[in-house]
Amino acid sequence: MSRSVLEALTSYTAMQCIPSDGCSLFLRVRASITLHEHLRGLEACTVSLDTQETQCQSVWVARASHRQQVGQQLQVYFGCFAVSVAQHLYVTLRTIPHFCGVQLDQKHLVEDCGEEDVGRNVPDCLAGKLSYWVDRRRKAILVQVPRASGSPDYYVRLCHKRFTCEDVGAPVQVTANNVSRVVSLPYSQELPCLCLEGWSATPDAVRTQICPFENDTEALEVLWDTVYYHPGSQTLSWEPTCPVSGHVSLCWRPGPGAGCRKLQRSSQLVHRRVQYPLVDTQPQLCLKFSTSWGSWVRCPFEQRRFPTWKMTIQPSPMKGHLRATFFSSSPAHFQVHLCHRRKSQLPACQPALQASPLPPASGDPAAAPAFAFLDLPREEACAPGICIQGWRTDVHFSVPQQLCNLHSSGCPALRGHRRLRTRPRHSRPPTVGW
């Protein structure tokens, strides 16, 4: 049998309205064929691309027994296929009996609630017009499910909108004969991806989705609070509770109100879990989140008790030197930089002199902190515009402790600016002690 027997396939949406039951949507299918002596009938099928549900109908045609009927054209109409609002369908037309390669197919998209007649008459669209209000005191979202003629039972739920909308609690069923159409849905946390979803109890029903806190500033703030530190591995981690697009990086905040300076090689995408291994637990080490909504900084070690270290500067017993002393309650390695402080980049420093690494400062955390020290030439450390930075070097990510204006730490008050003198190549290296 030639493929030309099936000439055309046409599908269109129809609406049937009954006063007591409201309006329903159906798919009508029409086929144009050429009669053939071996043709017994036609089969039309629809497959839902969402649920894979299949509906088929067959139409039998009179056998072309006489030679003069062969080749005549015929219009064949199938019955109504029940469909839902905005449903994606795959429609096929085949002969009976079926001959290989003799088939027509096409895709069909049922109109959604945006189409005027559908939106005004179909119960799914009327029930989809949810009203809600947020009761922040009780931490609940109150939903008003509207009544519609012929409307079936209805479901509402809260969900977290990620790749799919994941259940926060069990769906609540509102039956068609419910006296009260108001449902209270409790929530634990206001999040931008916390959404209200409603749908009727019919196959392939369209789901209405509303996210009450999507553009709420307070809800956005919560996203950046899920920062965790794991003492065993010294790992700092953050996992988004809602899908986020942007970047996160570690940064150094030298003091209250100061800008947070990004650490090199610390930037990561924020659409999945972020981890930073071997992180120094200094209060000035922070996380900076940059998204299309704005930027946020979180300093997880600022107000909690974590193992930390301290650097002090005092006059050294060695004449003409200052002593940088490090105190630590756990094993650690340190180093010192002398830095030029530039007025245009306050309080950032540029390295001027790097001292030798210090040995580990170790000790029993319950006992007095262990310490290590380094003697620095006072003439260099006390020069105008010089700061002393102490760094921890046995971790992957650390920020410095920075001390400037050291007049109270053994530096004389300087009235004029003196040029910083560099140490001659044959001079004695810094003295390390512990």
# chains A, B, ... in the order shown; residues from 1 in each chain; ligands from 1

call {"tool": "residues_around", "arguments": {"residues": "A:Gln16", "least_positions_apart": "2", "cutoff": "12 Å", "atoms": "only C-alpha atoms", "output": "VMD selection string"}}
result
chain A and resid 13 to 14 18 to 19 21 to 28 80 to 83 117 to 118 121 to 122

call {"tool": "residues_around", "arguments": {"residues": "stretch 244-246 of chain A", "least_positions_apart": "6", "cutoff": "8 Å", "atoms": "only C-alpha atoms", "output": "PDB file with N, CA and C atoms, in the first residue's frame"}}
result
ATOM      1  N   LEU A 269      31.398  28.922  41.624  1.00  0.00           N
ATOM      2  CA  LEU A 269      29.991  29.093  41.271  1.00  0.00           C
ATOM      3  C   LEU A 269      29.125  28.668  42.453  1.00  0.00           C
ATOM      4  N   VAL A 270      27.957  29.309  42.601  1.00  0.00           N
ATOM      5  CA  VAL A 270      27.132  29.042  43.778  1.00  0.00           C
ATOM      6  C   VAL A 270      25.899  28.192  43.486  1.00  0.00           C
ATOM      7  N   HIS A 271      25.787  27.613  42.295  1.00  0.00           N
ATOM      8  CA  HIS A 271      24.576  26.836  42.007  1.00  0.00           C
ATOM      9  C   HIS A 271      24.591  25.461  42.658  1.00  0.00           C
ATOM     10  N   PHE A 289      29.070  36.634  48.781  1.00  0.00           N
ATOM     11  CA  PHE A 289      28.169  36.083  47.775  1.00  0.00           C
ATOM     12  C   PHE A 289      27.778  37.193  46.807  1.00  0.00           C
ATOM     13  N   SER A 290      27.962  36.961  45.513  1.00  0.00           N
ATOM     14  CA  SER A 290      27.623  37.944  44.483  1.00  0.00           C
ATOM     15  C   SER A 290      26.630  37.321  43.510  1.00  0.00           C
ATOM     16  N   THR A 291      25.414  37.880  43.454  1.00  0.00           N
ATOM     17  CA  THR A 291      24.361  37.359  42.582  1.00  0.00           C
ATOM     18  C   THR A 291      23.697  38.509  41.848  1.00  0.00           C
ATOM     19  N   SER A 292      22.724  38.188  41.010  1.00  0.00           N
ATOM     20  CA  SER A 292      21.975  39.224  40.290  1.00  0.00           C
ATOM     21  C   SER A 292      21.130  40.061  41.246  1.00  0.00           C
TER      22      SER A 292
END

call {"tool": "closest_residue", "arguments": {"among": "A:Thr10, A:Ser328, A:Gln284, A:Thr208", "to": "A:Arg253", "atoms": "only C-alpha atoms"}}
result
A:Gln284

call {"tool": "select_by_dssp", "arguments": {"residues": "stretch 21-192 of chain A", "states": "alpha helix (DSSP H)", "output": "list of chain:residue names"}}
result
A:Glu116, A:Asp117, A:Val118, A:Gly119, A:Arg120, A:Asn121, A:Pro123, A:Asp124, A:Cys125, A:Leu126, A:Ala127

call {"tool": "residues_around", "arguments": {"residues": "A:Gly255", "least_positions_apart": "5", "cutoff": "10 Å", "atoms": "only C-alpha atoms", "output": "VMD selection string"}}
result
chain A and resid 260 283 to 284 347 402

call {"tool": "closest_atom_pairs", "arguments": {"of": "stretch 39-94 of chain A", "to": "stretch 191-207 of chain A", "cutoff": "8 Å", "atoms": "only C-alpha atoms", "output": "JSON lines"}}
result
{"residue": "A:Asp50", "atom": "CA", "partner": "A:Asp204", "partner_atom": "CA", "distance": 7.5}
{"residue": "A:Thr51", "atom": "CA", "partner": "A:Asp204", "partner_atom": "CA", "distance": 7.2}
{"residue": "A:Ser84", "atom": "CA", "partner": "A:Asp204", "partner_atom": "CA", "distance": 6.2}
{"residue": "A:Val85", "atom": "CA", "partner": "A:Val206", "partner_atom": "CA", "distance": 6.3}
{"residue": "A:Ala86", "atom": "CA", "partner": "A:Val206", "partner_atom": "CA", "distance": 7.0}
{"residue": "A:Gln87", "atom": "CA", "partner": "A:Asp204", "partner_atom": "CA", "distance": 7.1}

call {"tool": "write_last_selection", "arguments": {"atoms": "N, CA, C and O atoms", "output": "tab-separated table (two decimals), in the first residue's frame"}}
result
chain	number	residue	atom	x	y	z
A	50	ASP	N	3.36	14.23	28.68
A	50	ASP	CA	3.64	14.43	30.12
A	50	ASP	C	3.50	13.13	30.90
A	50	ASP	O	4.31	12.82	31.77
A	51	THR	N	2.43	12.35	30.61
A	51	THR	CA	2.14	11.15	31.40
A	51	THR	C	2.24	9.86	30.59
A	51	THR	O	2.13	8.78	31.16
A	84	SER	N	-6.64	17.96	28.53
A	84	SER	CA	-6.56	18.93	29.63
A	84	SER	C	-5.94	20.23	29.13
A	84	SER	O	-5.29	20.27	28.07
A	85	VAL	N	-6.11	21.26	29.93
A	85	VAL	CA	-5.56	22.58	29.60
A	85	VAL	C	-4.04	22.50	29.46
A	85	VAL	O	-3.35	21.87	30.28
A	86	ALA	N	-3.50	23.09	28.38
A	86	ALA	CA	-2.06	23.20	28.13
A	86	ALA	C	-1.37	21.84	28.01
A	86	ALA	O	-0.16	21.73	28.25
A	87	GLN	N	-2.09	20.81	27.61
A	87	GLN	CA	-1.53	19.46	27.50
A	87	GLN	C	-0.76	19.32	26.18
A	87	GLN	O	-1.18	19.80	25.13

call {"tool": "closest_residue", "arguments": {"among": "A:Ser4, A:Gln234, A:Ser266, A:Gln57", "to": "A:Ile96", "atoms": "only C-alpha atoms"}}
result
A:Gln57

call {"tool": "closest_residue", "arguments": {"among": "A:Val156, A:Gln275, A:Met311, A:Asp124", "to": "A:Ile210", "atoms": "only C-alpha atoms"}}
result
A:Val156

call {"tool": "closest_residue", "arguments": {"among": "A:Ala383, A:Val399, A:Cys125, A:Val61", "to": "A:Arg261", "atoms": "only C-alpha atoms"}}
result
A:Val399

call {"tool": "closest_residue", "arguments": {"among": "A:His160, A:Arg378, A:His396, A:Lys139", "to": "A:Gln264", "atoms": "only C-alpha atoms"}}
result
A:His396

call {"tool": "residues_around", "arguments": {"residues": "A:Leu287", "least_positions_apart": "5", "cutoff": "12 Å", "atoms": "only C-alpha atoms", "output": "VMD selection string"}}
result
chain A and resid 224 to 228 236 to 238 247 to 253 260 to 263 266 to 268 270 274 to 276 279 295 to 302 397

call {"tool": "closest_residue", "arguments": {"among": "A:Leu9, A:Cys286, A:Leu89, A:Ala176", "to": "A:Pro152", "atoms": "only C-alpha atoms"}}
result
A:Ala176
